[in-house]
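**Q** Data file run-v3.txt (compact mmCIF, C-alpha atoms) is appended below.
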# COMPACT_ATOMS: atom_id res chain seq x y z
CA MET I 1028 167.65 -99.53 58.49
CA ALA I 1029 166.68 -102.55 60.49
CA ALA I 1030 166.92 -102.02 64.21
CA SER I 1031 168.14 -105.47 65.02
CA MET I 1032 169.65 -108.54 63.43
CA GLN I 1033 169.85 -112.22 64.17
CA PHE I 1034 172.88 -113.14 66.26
CA ASN I 1035 174.09 -116.72 66.65
CA LEU I 1036 176.95 -117.88 68.81
CA VAL I 1037 177.82 -121.54 68.37
CA SER I 1038 180.59 -123.68 69.74
CA PRO I 1039 181.37 -127.16 68.40
CA GLU I 1040 179.50 -128.74 71.27
CA ARG I 1041 176.36 -126.66 71.33
CA SER I 1042 174.66 -123.48 70.35
CA LEU I 1043 175.26 -120.86 73.05
CA ALA I 1044 173.10 -117.98 71.98
CA SER I 1045 170.56 -117.16 69.34
CA LEU I 1046 168.89 -113.80 69.75
CA GLN I 1047 168.09 -110.44 68.19
CA ALA I 1048 170.96 -108.04 68.67
CA SER I 1049 171.46 -104.40 67.76
CA ALA I 1050 175.26 -104.53 67.76
CA VAL I 1051 177.96 -107.14 68.23
CA GLN I 1052 181.52 -106.20 69.09
CA ILE I 1053 183.89 -108.81 67.68
CA PRO I 1054 187.58 -109.29 68.48
CA GLY I 1055 188.75 -109.79 64.89
CA ALA I 1056 192.21 -111.08 64.06
CA ASP I 1057 193.21 -107.69 62.66
CA GLY I 1058 191.45 -105.61 65.27
CA ASP I 1059 188.10 -105.18 66.92
CA LEU I 1060 185.07 -104.47 64.80
CA THR I 1061 181.44 -103.89 65.55
CA ALA I 1062 178.78 -105.51 63.44
CA MET I 1063 175.46 -103.72 63.19
CA PRO I 1064 172.40 -104.43 61.09
CA ASP I 1065 172.99 -103.96 57.35
CA HIS I 1066 176.71 -104.43 57.69
CA ALA I 1067 178.51 -105.41 54.49
CA PRO I 1068 179.14 -109.17 54.31
CA VAL I 1069 182.45 -109.99 55.99
CA ILE I 1070 184.13 -113.16 57.16
CA THR I 1071 186.87 -112.66 59.70
CA THR I 1072 188.88 -114.87 61.98
CA LEU I 1073 188.88 -114.20 65.70
CA ARG I 1074 191.68 -113.64 68.16
CA PRO I 1075 191.21 -114.51 71.83
CA GLY I 1076 189.21 -111.70 73.34
CA VAL I 1077 185.87 -110.53 74.62
CA LEU I 1078 182.79 -110.61 72.42
CA THR I 1079 180.11 -108.13 73.42
CA VAL I 1080 176.52 -108.53 72.29
CA SER I 1081 174.05 -105.71 72.75
CA GLY I 1082 170.50 -106.91 72.53
CA GLU I 1083 167.15 -106.04 74.00
CA ALA I 1084 168.10 -107.69 77.26
CA GLY I 1085 171.19 -105.53 77.61
CA GLU I 1086 174.80 -106.39 77.04
CA THR I 1087 176.18 -109.89 77.28
CA ARG I 1088 179.90 -110.51 77.24
CA TYR I 1089 181.54 -113.75 76.19
CA ALA I 1090 185.16 -114.78 76.42
CA VAL I 1091 186.16 -116.47 73.15
CA THR I 1092 189.45 -118.10 72.22
CA GLY I 1093 189.34 -118.26 68.46
CA GLY I 1094 187.21 -119.25 65.53
CA PHE I 1095 185.57 -117.03 62.99
CA ALA I 1096 182.66 -114.68 62.49
CA GLU I 1097 180.40 -114.39 59.51
CA ILE I 1098 178.64 -111.06 59.16
CA THR I 1099 175.86 -110.42 56.68
CA ALA I 1100 173.26 -107.70 56.40
CA GLU I 1101 170.67 -109.92 58.09
CA GLY I 1102 172.72 -111.36 60.87
CA THR I 1103 175.96 -112.34 62.48
CA SER I 1104 177.14 -115.86 63.23
CA VAL I 1105 180.13 -116.41 65.44
CA LEU I 1106 181.69 -119.84 65.42
CA ALA I 1107 183.98 -119.97 68.40
CA GLU I 1108 186.16 -122.86 69.37
CA ARG I 1109 185.53 -122.01 73.01
CA ALA I 1110 183.06 -119.45 74.20
CA VAL I 1111 182.07 -118.84 77.80
CA PRO I 1112 179.97 -116.05 79.32
CA VAL I 1113 182.40 -113.75 81.12
CA GLU I 1114 180.66 -114.32 84.46
CA ASP I 1115 181.31 -118.08 84.19
CA PHE I 1116 184.88 -117.68 83.07
CA THR I 1117 187.11 -118.89 85.90
CA ALA I 1118 190.78 -118.62 86.67
CA ASP I 1119 191.06 -122.39 86.26
CA MET I 1120 189.80 -122.25 82.68
CA MET I 1121 192.15 -119.37 81.97
CA ALA I 1122 195.08 -121.34 83.38
CA GLU I 1123 194.16 -124.36 81.28
CA ILE I 1124 193.97 -122.32 78.08
CA MET I 1125 197.20 -120.51 78.89
CA ALA I 1126 198.98 -123.80 79.53
CA GLU I 1127 197.81 -125.10 76.15
CA ALA I 1128 198.93 -121.95 74.35
CA GLU I 1129 202.30 -122.01 76.10
CA ALA I 1130 202.83 -125.62 75.09
CA VAL I 1131 202.15 -124.63 71.48
CA ALA I 1132 204.44 -121.60 71.73
CA GLN I 1133 207.34 -123.68 73.01
CA GLY I 1134 207.21 -126.16 70.17
CA ALA I 1135 206.81 -123.53 67.47
CA GLU I 1136 209.48 -122.00 65.25
CA GLY I 1137 209.62 -119.11 62.79
CA ALA I 1138 206.29 -117.67 61.72
CA ALA I 1139 204.40 -120.16 63.87
CA ALA I 1140 206.30 -118.91 66.92
CA ASP I 1141 205.28 -115.33 66.15
CA ALA I 1142 201.66 -116.42 65.82
CA ALA I 1143 201.86 -118.34 69.09
CA ALA I 1144 203.41 -115.35 70.85
CA LYS I 1145 200.58 -113.17 69.56
CA THR I 1146 198.04 -115.69 70.81
CA LEU I 1147 199.70 -115.61 74.22
CA SER I 1148 199.62 -111.83 74.46
CA ASP I 1149 195.99 -111.82 73.25
CA LEU I 1150 195.17 -114.32 75.96
CA LYS I 1151 196.83 -112.14 78.58
CA ALA I 1152 194.81 -109.18 77.34
CA LEU I 1153 191.69 -111.31 77.54
CA GLY I 1154 192.56 -112.24 81.12
CA GLU I 1155 192.97 -108.59 82.05
CA ALA I 1156 189.75 -107.63 80.31
CA VAL I 1157 187.73 -110.11 82.34
CA GLY I 1158 189.63 -109.41 85.54
CA ILE I 1159 191.65 -112.60 85.78
CA SER I 1160 195.40 -112.26 85.68
CA ALA I 1161 197.28 -115.30 84.53
CA MET K 1438 168.65 -186.20 79.70
CA PRO K 1439 169.48 -183.46 82.22
CA SER K 1440 168.11 -183.92 85.69
CA LEU K 1441 165.40 -181.73 87.13
CA LYS K 1442 167.95 -179.93 89.26
CA ASP K 1443 170.14 -179.15 86.24
CA LEU K 1444 167.20 -177.72 84.34
CA LYS K 1445 166.18 -175.60 87.27
CA ASN K 1446 169.70 -174.16 87.59
CA ARG K 1447 169.79 -173.48 83.88
CA ILE K 1448 166.51 -171.59 83.99
CA GLY K 1449 167.81 -169.57 86.91
CA SER K 1450 170.99 -168.57 85.10
CA VAL K 1451 169.22 -167.63 81.87
CA THR K 1452 166.78 -165.53 83.88
CA ASN K 1453 169.72 -163.68 85.41
CA THR K 1454 171.25 -163.14 81.99
CA ARG K 1455 167.98 -161.70 80.77
CA LYS K 1456 167.91 -159.27 83.68
CA ILE K 1457 171.41 -158.08 82.84
CA THR K 1458 170.80 -157.68 79.11
CA SER K 1459 167.55 -155.84 79.66
CA ALA K 1460 169.26 -153.49 82.12
CA MET K 1461 172.02 -152.88 79.56
CA LYS K 1462 169.38 -152.11 76.99
CA MET K 1463 167.83 -149.49 79.24
CA VAL K 1464 171.23 -147.92 79.91
CA ALA K 1465 172.04 -147.88 76.20
CA ALA K 1466 168.69 -146.26 75.45
CA ALA K 1467 169.35 -143.48 77.94
CA LYS K 1468 172.88 -142.96 76.66
CA LEU K 1469 171.61 -143.02 73.09
CA ARG K 1470 169.33 -140.12 73.77
CA ARG K 1471 172.19 -138.13 75.26
CA ALA K 1472 174.47 -139.01 72.34
CA GLN K 1473 171.81 -138.02 69.84
CA ASP K 1474 171.31 -134.69 71.58
CA ALA K 1475 175.04 -134.08 71.48
CA ALA K 1476 175.18 -134.92 67.79
CA GLU K 1477 172.24 -132.60 67.16
CA ALA K 1478 173.84 -129.76 69.13
CA GLY K 1479 177.08 -130.07 67.21
CA ARG K 1480 175.45 -129.87 63.83
CA PRO K 1481 175.01 -126.07 63.37
CA TYR K 1482 178.71 -125.47 63.96
CA ALA K 1483 179.80 -128.19 61.57
CA GLU K 1484 177.37 -127.05 58.90
CA ARG K 1485 178.41 -123.38 59.01
CA MET K 1486 182.06 -124.36 59.15
CA ASN K 1487 181.73 -126.61 56.12
CA ALA K 1488 179.74 -124.04 54.17
CA VAL K 1489 182.27 -121.28 54.79
CA ILE K 1490 185.25 -123.48 54.00
CA ALA K 1491 183.53 -124.76 50.87
CA GLY K 1492 182.87 -121.19 49.78
CA LEU K 1493 186.48 -120.22 50.41
CA ALA K 1494 187.82 -123.35 48.83
CA ALA K 1495 185.81 -122.69 45.69
CA SER K 1496 187.37 -119.26 45.25
CA VAL K 1497 190.93 -120.10 46.33
CA GLY K 1498 191.06 -123.76 45.43
CA ASP K 1499 192.44 -123.51 41.91
CA SER K 1500 195.25 -121.08 42.56
CA ASP K 1501 198.79 -122.25 43.21
CA SER K 1502 198.81 -120.63 46.61
CA ALA K 1503 196.11 -122.99 47.91
CA PRO K 1504 197.13 -124.46 51.29
CA ARG K 1505 198.47 -128.00 51.28
CA LEU K 1506 195.63 -129.19 53.47
CA LEU K 1507 193.28 -128.37 50.63
CA ALA K 1508 195.40 -129.12 47.57
CA GLY K 1509 197.19 -132.15 48.97
CA THR K 1510 200.87 -132.96 48.60
CA GLY K 1511 200.52 -133.76 44.92
CA LYS K 1512 201.02 -137.47 45.59
CA ASP K 1513 198.88 -140.22 46.98
CA ASP K 1514 201.47 -142.81 47.91
CA VAL K 1515 200.99 -142.98 51.64
CA HIS K 1516 197.53 -143.30 53.12
CA LEU K 1517 196.62 -142.79 56.73
CA LEU K 1518 193.49 -144.60 57.83
CA VAL K 1519 191.95 -143.29 61.03
CA VAL K 1520 189.75 -146.11 62.28
CA MET K 1521 187.24 -145.02 64.92
CA THR K 1522 185.60 -147.72 66.97
CA ALA K 1523 184.16 -148.17 70.43
CA GLU K 1524 186.07 -148.85 73.62
CA ARG K 1525 183.64 -151.56 74.63
CA GLY K 1526 182.09 -154.58 73.01
CA LEU K 1527 178.62 -156.10 73.32
CA CYS K 1528 177.21 -153.84 70.66
CA GLY K 1529 176.40 -156.20 67.81
CA GLY K 1530 178.24 -155.72 64.56
CA PHE K 1531 179.21 -152.14 65.35
CA ASN K 1532 182.96 -152.61 65.70
CA SER K 1533 183.39 -155.36 63.17
CA SER K 1534 181.55 -153.48 60.42
CA ILE K 1535 184.02 -150.58 60.73
CA ALA K 1536 186.96 -152.95 60.95
CA LYS K 1537 185.72 -154.80 57.88
CA LEU K 1538 185.44 -151.61 55.84
CA ALA K 1539 188.88 -150.43 56.96
CA ARG K 1540 190.40 -153.83 56.23
CA ALA K 1541 188.95 -153.90 52.71
CA LYS K 1542 190.27 -150.39 52.05
CA ALA K 1543 193.71 -151.23 53.45
CA LEU K 1544 193.96 -154.36 51.30
CA GLU K 1545 192.86 -152.50 48.20
CA LEU K 1546 195.41 -149.75 48.80
CA SER K 1547 198.30 -152.10 49.44
CA ASN K 1548 197.39 -154.16 46.36
CA ASN K 1549 197.70 -150.95 44.37
CA GLY K 1550 201.19 -150.45 45.69
CA LYS K 1551 200.34 -147.74 48.22
CA THR K 1552 201.72 -147.57 51.72
CA VAL K 1553 199.09 -147.87 54.41
CA LYS K 1554 199.37 -146.46 57.91
CA ILE K 1555 196.69 -146.98 60.50
CA LEU K 1556 195.76 -144.82 63.46
CA THR K 1557 193.20 -146.42 65.71
CA VAL K 1558 190.75 -144.62 67.96
CA GLY K 1559 189.08 -146.96 70.42
CA LYS K 1560 190.58 -150.24 71.44
CA LYS K 1561 188.09 -152.62 69.84
CA GLY K 1562 189.12 -151.69 66.32
CA ARG K 1563 192.76 -152.04 67.28
CA GLU K 1564 192.17 -155.57 68.55
CA GLN K 1565 190.38 -156.59 65.37
CA LEU K 1566 192.95 -155.15 62.99
CA LYS K 1567 195.95 -156.31 64.99
CA ARG K 1568 196.20 -159.71 63.36
CA ASP K 1569 196.51 -158.53 59.77
CA PHE K 1570 197.88 -155.01 60.06
CA ALA K 1571 199.84 -154.82 63.31
CA ASP K 1572 202.95 -153.56 61.51
CA HIS K 1573 200.96 -150.75 59.86
CA PHE K 1574 199.90 -149.22 63.17
CA VAL K 1575 201.35 -145.79 63.76
CA GLY K 1576 199.41 -144.79 66.81
CA HIS K 1577 196.43 -145.27 69.04
CA VAL K 1578 194.08 -142.87 70.78
CA ASP K 1579 192.59 -144.17 73.98
CA LEU K 1580 189.18 -142.75 74.82
CA SER K 1581 188.27 -145.29 77.50
CA GLU K 1582 188.66 -142.68 80.24
CA VAL K 1583 186.41 -140.24 78.41
CA LYS K 1584 182.83 -140.28 79.65
CA ARG K 1585 181.47 -137.63 77.33
CA ILE K 1586 183.15 -136.90 74.04
CA GLY K 1587 184.16 -133.26 74.00
CA TYR K 1588 185.59 -131.05 71.31
CA ALA K 1589 188.92 -131.16 73.14
CA ASP K 1590 189.20 -134.91 72.41
CA ALA K 1591 188.55 -134.33 68.73
CA SER K 1592 191.02 -131.48 68.48
CA GLY K 1593 193.61 -133.64 70.23
CA ILE K 1594 193.21 -136.29 67.53
CA ALA K 1595 193.24 -133.59 64.85
CA ARG K 1596 196.48 -132.14 66.24
CA ASP K 1597 198.06 -135.58 66.13
CA VAL K 1598 196.95 -136.12 62.52
CA LEU K 1599 198.02 -132.63 61.42
CA ALA K 1600 201.44 -132.98 63.05
CA ARG K 1601 201.95 -136.18 61.10
CA PHE K 1602 200.82 -134.46 57.93
CA ASP K 1603 203.21 -131.55 58.46
CA GLY K 1604 205.96 -134.07 59.12
CA GLY K 1605 205.28 -135.55 55.68
CA GLU K 1606 204.24 -138.91 57.10
CA PHE K 1607 201.31 -139.37 54.74
CA ASP K 1608 199.59 -137.84 51.71
CA VAL K 1609 195.96 -138.77 52.17
CA ALA K 1610 193.97 -139.26 55.36
CA THR K 1611 190.64 -141.03 55.59
CA ILE K 1612 188.46 -141.54 58.64
CA PHE K 1613 186.27 -144.58 59.21
CA TYR K 1614 183.23 -144.40 61.45
CA ASN K 1615 179.61 -145.44 61.65
CA ARG K 1616 177.07 -142.89 60.53
CA PHE K 1617 173.98 -143.02 62.69
CA GLN K 1618 170.86 -143.66 60.67
CA SER K 1619 168.51 -145.21 63.17
CA VAL K 1620 168.64 -147.48 66.18
CA ILE K 1621 168.70 -150.55 63.97
CA SER K 1622 170.83 -149.24 61.16
CA GLN K 1623 174.28 -147.68 61.30
CA VAL K 1624 176.18 -147.16 58.09
CA PRO K 1625 179.95 -147.73 58.08
CA THR K 1626 181.36 -144.69 56.33
CA GLU K 1627 184.73 -143.65 54.99
CA GLN K 1628 185.44 -139.97 54.61
CA GLN K 1629 188.54 -138.33 53.25
CA ILE K 1630 189.66 -135.45 55.46
CA ILE K 1631 193.09 -134.59 53.98
CA PRO K 1632 193.26 -133.23 51.35
CA ALA K 1633 189.92 -131.74 52.30
CA ALA K 1634 187.14 -132.85 50.01
CA TYR K 1635 184.47 -130.23 50.50
CA ALA K 1636 181.43 -130.57 48.37
CA SER K 1637 181.35 -127.48 46.19
CA ALA K 1638 178.46 -125.57 47.64
CA GLU K 1639 176.62 -124.47 44.57
CA ASP K 1640 173.56 -123.31 46.39
CA GLU K 1641 175.81 -121.14 48.59
CA GLY K 1642 177.44 -119.67 45.51
CA GLY K 1643 174.96 -116.81 45.27
CA ASP K 1644 175.76 -115.05 48.51
CA ALA K 1645 179.15 -116.52 49.37
CA ALA K 1646 180.86 -114.69 46.53
CA LEU K 1647 180.08 -111.28 47.98
CA TYR K 1648 181.96 -111.56 51.26
CA ASP K 1649 184.84 -109.36 52.25
CA TYR K 1650 187.55 -111.34 53.94
CA GLU K 1651 189.62 -110.08 56.80
CA PRO K 1652 192.57 -110.74 56.74
CA SER K 1653 192.91 -112.31 53.26
CA GLU K 1654 191.04 -115.31 51.89
CA GLU K 1655 194.20 -117.41 52.01
CA ALA K 1656 194.96 -116.48 55.60
CA ILE K 1657 191.44 -117.34 56.72
CA LEU K 1658 191.59 -120.63 54.87
CA GLU K 1659 194.96 -121.44 56.50
CA ASP K 1660 193.35 -120.82 59.84
CA LEU K 1661 190.10 -122.62 59.15
CA LEU K 1662 191.29 -125.81 57.48
CA PRO K 1663 192.87 -127.31 60.62
CA ARG K 1664 189.69 -126.40 62.49
CA GLY K 1665 187.73 -128.02 59.69
CA VAL K 1666 189.66 -131.25 60.20
CA ALA K 1667 188.96 -131.12 63.94
CA THR K 1668 185.29 -130.41 63.27
CA GLN K 1669 184.98 -133.35 60.91
CA ILE K 1670 186.64 -135.65 63.42
CA PHE K 1671 184.40 -134.30 66.16
CA SER K 1672 181.20 -134.90 64.24
CA ALA K 1673 182.44 -138.36 63.27
CA LEU K 1674 183.07 -139.11 66.96
CA LEU K 1675 179.59 -137.91 67.87
CA GLU K 1676 177.96 -139.96 65.11
CA ASN K 1677 180.00 -142.91 66.23
CA GLY K 1678 178.92 -142.42 69.84
CA ALA K 1679 175.26 -142.38 68.89
CA SER K 1680 175.72 -145.38 66.58
CA GLU K 1681 177.47 -147.37 69.29
CA GLN K 1682 174.64 -146.86 71.75
CA GLY K 1683 172.06 -147.61 69.06
CA ALA K 1684 173.85 -150.80 68.08
CA ARG K 1685 174.20 -151.84 71.70
CA MET K 1686 170.56 -151.13 72.36
CA SER K 1687 169.34 -153.32 69.51
CA ALA K 1688 171.88 -156.05 70.31
CA MET K 1689 170.72 -156.13 73.92
CA ASP K 1690 167.10 -156.07 72.83
CA ASN K 1691 167.75 -159.18 70.73
CA ALA K 1692 169.62 -160.85 73.57
CA THR K 1693 166.76 -160.16 75.96
CA ARG K 1694 164.27 -161.65 73.55
CA ASN K 1695 166.44 -164.70 72.94
CA ALA K 1696 166.80 -165.26 76.66
CA GLY K 1697 163.01 -165.07 76.97
CA ASP K 1698 162.56 -167.72 74.27
CA MET K 1699 165.14 -169.91 75.93
CA ILE K 1700 163.44 -169.66 79.31
CA GLU K 1701 160.17 -170.68 77.71
CA ARG K 1702 161.73 -173.75 76.06
CA LEU K 1703 163.55 -174.76 79.21
CA THR K 1704 160.40 -174.39 81.29
CA ILE K 1705 158.49 -176.70 78.95
CA GLU K 1706 161.30 -179.23 79.15
CA TYR K 1707 161.36 -178.90 82.94
CA ASN K 1708 157.62 -179.49 83.23
CA ARG K 1709 157.78 -182.47 80.88
CA SER K 1710 160.56 -184.14 82.87
CA ARG K 1711 158.76 -183.50 86.13
CA GLN K 1712 155.64 -185.11 84.65
CA ALA K 1713 157.73 -188.08 83.50
CA VAL K 1714 159.11 -188.51 87.00
CA ILE K 1715 155.59 -188.48 88.49
CA THR K 1716 154.33 -190.98 85.88
CA ASN K 1717 157.27 -193.25 86.63
CA GLU K 1718 156.57 -193.19 90.34
CA LEU K 1719 152.88 -193.95 89.76
CA ILE K 1720 153.76 -196.92 87.54
CA GLU K 1721 156.06 -198.24 90.24
CA ILE K 1722 153.38 -197.93 92.92
CA ILE K 1723 150.70 -199.54 90.76
CA SER K 1724 152.89 -202.44 89.65
CA GLY K 1725 153.96 -202.92 93.27
CA ALA K 1726 150.33 -203.05 94.35
CA GLU K 1727 149.44 -205.52 91.56
CA ALA K 1728 152.26 -207.86 92.53
CA LEU K 1729 150.75 -208.42 95.98
Taking this structure as input, can you express it in the form of structure tokens?
**A**
Amino acid sequence: MAASMQFNLVSPERSLASLQASAVQIPGADGDLTAMPDHAPVITTLRPGVLTVSGEAGETRYAVTGGFAEITAEGTSVLAERAVPVEDFTADMMAEIMAEAEAVAQGAEGAAADAAAKTLSDLKALGEAVGISA
Amino acid sequence: MPSLKDLKNRIGSVTNTRKITSAMKMVAAAKLRRAQDAAEAGRPYAERMNAVIAGLAASVGDSDSAPRLLAGTGKDDVHLLVVMTAERGLCGGFNSSIAKLARAKALELSNNGKTVKILTVGKKGREQLKRDFADHFVGHVDLSEVKRIGYADASGIARDVLARFDGGEFDVATIFYNRFQSVISQVPTEQQIIPAAYASAEDEGGDAALYDYEPSEEAILEDLLPRGVATQIFSALLENGASEQGARMSAMDNATRNAGDMIERLTIEYNRSRQAVITNELIEIISGAEAL
């Protein structure tokens, strides 16, 4: 079993990380999962949450707001709409994202409203996880 | 025959123009590099996104449950043209080449009995299309306040387009932008974004088929297609940004060179007239002296 795999984290604007990782904890839409080397190929969508990468340089945590992850035996690519290292994640950014999500939630009806409500509660959980209450 | 003073003023003003155009060229060159870097940095995301969606689309695409964004509405009566241009002029044929392509497409569609709606991004395209298609305009996105195109701008446009699609306002959406090829060549491009036309990724076929999908393939596709639209708009905006600076740079380079040529010609004319004045004065003095 390979000890490490290639991990890529890209946002639409730039590539945020590209390194060898031993495990990546991903906030999947249906629940958290951890990708390790030789994982079966999976594509999953993300919910807002904290992405934890364990590499040689220790653990790095990123706050992500959605997107998807592609896991193969050789590596993991996470395509996140917004991804920020937890240390750089500020209350202002949180407030901005929350405001956007609330605007969506207000206009939504039916199934879309349920999805928006879930996004909101995920965002709140994300805020708590990184120590910012919104 | 302009007087010496006129010529001198003229040379002065052309010299000033040359200074301005050469400064604009420098600025465009610096901005071009930034825009190119941004386009480069956005590429991995767009490529992965397209590959995954293409893989998903290939496996889900034929079923009846395929999302409307992929399968379309089943009609193609109403077309939405998203025309992306610059907010500023002085960049050669950049804006007019996009406007020309969009105009040709709009005429062709309306001759075939389709309804055309136009959404403009950037005010220069709006100005150029206003004369012929003002009553087809359905909206305008103003990016003049935006210094650096961000993904948020693209997803704003995408949200607008998707809301119109969900509201049944159109069946087919096409974006128009300039693809950056090099500083001297930008290719006006039209690209259909709804229904999504993803190239079937045959080379991906080998490994893409083996993926597990969580939640289901359909659910992921539902989630990804709107993001795909935003991603396509974003990369079009980035390409457009780089093209605009490239076009401006070469336009300003030409202008600087033209101004240089003009200064040369004017200087020759100036020297000739000065010589003529001197010769005239000499003739007057000599004929005066001979008359004595």
**Q** As an exercise, work out the distance from atom CA of K:Phe1531 to atom CA of K:Ser1592 in Å and give it to one decimal place.
**A**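 These atoms are spaced 24.0 Å apart.
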**Q** Please write out, as JSON, where the centre of an axis-aligned box around all listed atoms of stretch 1658-1677 of chain K lies and how long its edges are, in Å to one decimal, after adding 4 Å on each side.
**A**
{"center_x": 186.5, "center_y": -131.8, "center_z": 61.4, "size_x": 25.0, "size_y": 30.3, "size_z": 21.0}
**Q** Please tabulate, as a tab-separated table, the residues of chain I that come within 10 Å of chain K, each with its closest pair of atoms and the distance in Å to one decimal, counting all atoms listed in the file and ordering rows by chain, then residue number upward.
**A**
residue	atom	partner	partner_atom	distance
I:Asn1035	CA	K:Pro1481	CA	10.0
I:Leu1036	CA	K:Tyr1482	CA	9.2
I:Val1037	CA	K:Tyr1482	CA	6.0
I:Ser1038	CA	K:Tyr1482	CA	6.3
I:Pro1039	CA	K:Gly1479	CA	5.3
I:Glu1040	CA	K:Gly1479	CA	4.9
I:Arg1041	CA	K:Ala1478	CA	4.6
I:Ser1042	CA	K:Ala1478	CA	6.4
I:Leu1043	CA	K:Ala1478	CA	9.8
I:Gly1055	CA	K:Glu1651	CA	8.1
I:Ala1056	CA	K:Pro1652	CA	7.3
I:Asp1057	CA	K:Pro1652	CA	6.7
I:Gly1058	CA	K:Glu1651	CA	9.8
I:Ala1067	CA	K:Tyr1648	CA	7.8
I:Pro1068	CA	K:Tyr1648	CA	4.8
I:Val1069	CA	K:Asp1649	CA	4.5
I:Ile1070	CA	K:Tyr1650	CA	5.0
I:Thr1071	CA	K:Glu1651	CA	4.8
I:Thr1072	CA	K:Ile1657	CA	6.3
I:Leu1073	CA	K:Glu1651	CA	9.8
I:Gly1093	CA	K:Asp1660	CA	9.8
I:Gly1094	CA	K:Leu1661	CA	7.8
I:Phe1095	CA	K:Leu1661	CA	8.2
I:Glu1097	CA	K:Val1489	CA	8.6
I:Ile1098	CA	K:Tyr1648	CA	8.6
I:Thr1099	CA	K:Tyr1648	CA	8.2
I:Ser1104	CA	K:Arg1485	CA	8.7
I:Val1105	CA	K:Tyr1482	CA	9.3
I:Leu1106	CA	K:Tyr1482	CA	6.5
I:Ala1107	CA	K:Tyr1482	CA	8.8
I:Glu1108	CA	K:Tyr1588	CA	8.4
I:Arg1109	CA	K:Tyr1588	CA	9.2
**Q** What gap, in Å, lies between atom CA of K:Ile1555 and atom CA of K:Val1575?
**A**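 Spanning atom CA of K:Ile1555 to atom CA of K:Val1575 is a straight-line distance of 5.8 Å.
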**Q** If you count all atoms listed in the file, which residues fall within 12 Å of K:Lys1445, apart from same-chain ones fewer than 2 positions away, as a ChimeraX atom specification?
**A** /K:1439-1443,1447-1452,1700,1703-1708,1710-1711
**Q** For the residues in that selection, give me C-alpha atoms as a PDB file, in the frame of the given file.
**A**
ATOM      1  CA  PRO K1439     169.480-183.460  82.220  1.00  0.00           C
ATOM      2  CA  SER K1440     168.110-183.920  85.690  1.00  0.00           C
ATOM      3  CA  LEU K1441     165.400-181.730  87.130  1.00  0.00           C
ATOM      4  CA  LYS K1442     167.950-179.930  89.260  1.00  0.00           C
ATOM      5  CA  ASP K1443     170.140-179.150  86.240  1.00  0.00           C
ATOM      6  CA  ARG K1447     169.790-173.480  83.880  1.00  0.00           C
ATOM      7  CA  ILE K1448     166.510-171.590  83.990  1.00  0.00           C
ATOM      8  CA  GLY K1449     167.810-169.570  86.910  1.00  0.00           C
ATOM      9  CA  SER K1450     170.990-168.570  85.100  1.00  0.00           C
ATOM     10  CA  VAL K1451     169.220-167.630  81.870  1.00  0.00           C
ATOM     11  CA  THR K1452     166.780-165.530  83.880  1.00  0.00           C
ATOM     12  CA  ILE K1700     163.440-169.660  79.310  1.00  0.00           C
ATOM     13  CA  LEU K1703     163.550-174.760  79.210  1.00  0.00           C
ATOM     14  CA  THR K1704     160.400-174.390  81.290  1.00  0.00           C
ATOM     15  CA  ILE K1705     158.490-176.700  78.950  1.00  0.00           C
ATOM     16  CA  GLU K1706     161.300-179.230  79.150  1.00  0.00           C
ATOM     17  CA  TYR K1707     161.360-178.900  82.940  1.00  0.00           C
ATOM     18  CA  ASN K1708     157.620-179.490  83.230  1.00  0.00           C
ATOM     19  CA  SER K1710     160.560-184.140  82.870  1.00  0.00           C
ATOM     20  CA  ARG K1711     158.760-183.500  86.130  1.00  0.00           C
TER      21      ARG K1711
END
**Q** Could you list, as a ChimeraX atom specification, every residue within 10 Å of K:Val1553, counting all atoms listed in the file and ignoring same-chain residues fewer than 6 positions away?
**A** /K:1514-1518,1542-1547,1570,1572-1575,1607,1609
**Q** Emit the selected residues as a PDB file, in the frame of the given file, including C-alpha atoms.
**A**
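This is the output file selection-v5.pdb:
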ATOM      1  CA  ASP K1514     201.470-142.810  47.910  1.00  0.00           C
ATOM      2  CA  VAL K1515     200.990-142.980  51.640  1.00  0.00           C
ATOM      3  CA  HIS K1516     197.530-143.300  53.120  1.00  0.00           C
ATOM      4  CA  LEU K1517     196.620-142.790  56.730  1.00  0.00           C
ATOM      5  CA  LEU K1518     193.490-144.600  57.830  1.00  0.00           C
ATOM      6  CA  LYS K1542     190.270-150.390  52.050  1.00  0.00           C
ATOM      7  CA  ALA K1543     193.710-151.230  53.450  1.00  0.00           C
ATOM      8  CA  LEU K1544     193.960-154.360  51.300  1.00  0.00           C
ATOM      9  CA  GLU K1545     192.860-152.500  48.200  1.00  0.00           C
ATOM     10  CA  LEU K1546     195.410-149.750  48.800  1.00  0.00           C
ATOM     11  CA  SER K1547     198.300-152.100  49.440  1.00  0.00           C
ATOM     12  CA  PHE K1570     197.880-155.010  60.060  1.00  0.00           C
ATOM     13  CA  ASP K1572     202.950-153.560  61.510  1.00  0.00           C
ATOM     14  CA  HIS K1573     200.960-150.750  59.860  1.00  0.00           C
ATOM     15  CA  PHE K1574     199.900-149.220  63.170  1.00  0.00           C
ATOM     16  CA  VAL K1575     201.350-145.790  63.760  1.00  0.00           C
ATOM     17  CA  PHE K1607     201.310-139.370  54.740  1.00  0.00           C
ATOM     18  CA  VAL K1609     195.960-138.770  52.170  1.00  0.00           C
TER      19      VAL K1609
END
